[in-house]
Amino acid sequence: MANERTWGGTTTLMLDAKYLRDPAVLTASGFGLGFLPRAPGTWGSAAALLVWWLALVHLSVFWQVAICVACFGVGWWCSAIVCRRFAVDDAPQIVVDEVVGMWLTLIMLPSTWWLSLLAFVMFRWLDIVKPGPIGWLDREVKGGLGVMVDDVAAGLVAGIVLYFSVWALTAAGFTQLIR
């Protein structure tokens, strides 16, 4: 049996690692990353950053977006199964949403190590604090879509803010920082 906890009015499920045999739990947990101790969302985001650098950074934007869309769809489906099966709104061990959100942020930026780290920090901050519409989406949208949509919003906001910051730096003549 899983342990339940109430966090900010939302019931979350503390899944046991024994559920990893279930393909939906395995996928939603980022192939088990969500079961790492402390801060599973940060582990999921860090793994997403690593996978992006190792496998996605050299792909065209088209293919990066296509992979994000596919992962969003699979993540929504698997998260919906987990939420329905365990009768909860979300579980901290579900980190597929952090993977998609992190990748969306990174797609919008030049591939430099310092921008990638800044993207990681900004995305995690937005995902944890959930300001404005991100928090509204987190509170109001339930089920598998609810699990995914607030992280997609956080990823888009982080990416857009950083994109325009890079644009402003470039316009001001600081192109050497962006390389």
# chains A, B, ... in the order shown; residues from 1 in each chain; ligands from 1
$ select_by_dssp --residues "range 4-138 of chain A" --states "strand (DSSP E or B)" --output "ChimeraX atom specification"
/A:4-7,10-14,90
$ closest_atom_pairs --of "range 88-130 of chain A" --to "range 43-55 of chain A" --cutoff "9 Å" --atoms "only C-alpha atoms" --output "CSV"
residue,atom,partner,partner_atom,distance
A:Ile94,CA,A:Gly44,CA,8.8
A:Val95,CA,A:Gly44,CA,5.4
A:Val96,CA,A:Gly44,CA,7.2
A:Asp97,CA,A:Gly44,CA,8.5
A:Glu98,CA,A:Ser45,CA,5.3
A:Val99,CA,A:Ala48,CA,5.0
A:Val100,CA,A:Ala48,CA,7.8
A:Gly101,CA,A:Ser45,CA,8.2
A:Met102,CA,A:Ser45,CA,6.0
A:Trp103,CA,A:Ala48,CA,6.7
A:Leu106,CA,A:Trp52,CA,8.1
A:Ser111,CA,A:Trp53,CA,8.4
A:Ser116,CA,A:Leu49,CA,7.6
A:Leu117,CA,A:Leu49,CA,8.5
A:Phe120,CA,A:Ser45,CA,7.1
A:Phe123,CA,A:Ser45,CA,8.5
A:Arg124,CA,A:Ser45,CA,7.6
$ residues_around --residues "Pro133 in chain A" --least-positions-apart "2" --cutoff "12 Å" --atoms "only C-alpha atoms" --output "PyMOL selection string"
chain A and resi 126-127+129-131+135-141+149-154+156-157
$ atom_distance --atom1 "CA of Ala172 in chain A" --atom2 "CA of Ala158 in chain A"
21.0 Å
$ select_by_dssp --residues "range 9-163 of chain A" --states "helix (DSSP H, G or I)" --output "JSON, numbers by chain"
{"A": [17, 18, 19, 20, 21, 23, 24, 25, 26, 27, 28, 33, 34, 35, 40, 41, 42, 43, 44, 45, 46, 47, 48, 49, 50, 51, 52, 53, 54, 55, 56, 61, 62, 63, 64, 65, 66, 67, 68, 69, 70, 71, 72, 73, 74, 75, 76, 77, 78, 79, 80, 81, 82, 83, 84, 85, 86, 96, 97, 98, 99, 100, 101, 102, 103, 104, 105, 106, 107, 113, 114, 115, 116, 117, 118, 119, 120, 121, 122, 123, 124, 125, 126, 127, 128, 129, 132, 133, 134, 135, 136, 137, 138, 139, 140, 143, 144, 145, 146, 147, 148, 149, 150, 151, 152, 153, 154, 155, 156, 157, 158, 159, 160, 161, 162, 163]}
$ closest_residue --among "A:Val25, A:Leu115, A:Arg38, A:Gly73" --to "Arg85 in chain A" --atoms "only C-alpha atoms"
A:Val25
$ closest_residue --among "A:Ala168, A:Tyr163, A:Asp16, A:Lys142" --to "Arg84 in chain A" --atoms "only C-alpha atoms"
A:Lys142
$ atom_distance --atom1 "CA of Lys18 in chain A" --atom2 "CA of Asp90 in chain A"
17.9 Å
$ atom_distance --atom1 "CA of Leu26 in chain A" --atom2 "CA of Ile67 in chain A"
18.6 Å
$ closest_residue --among "A:Met108, A:Val61, A:Cys78, A:Ala28" --to "Gly159 in chain A" --atoms "only C-alpha atoms"
A:Met108
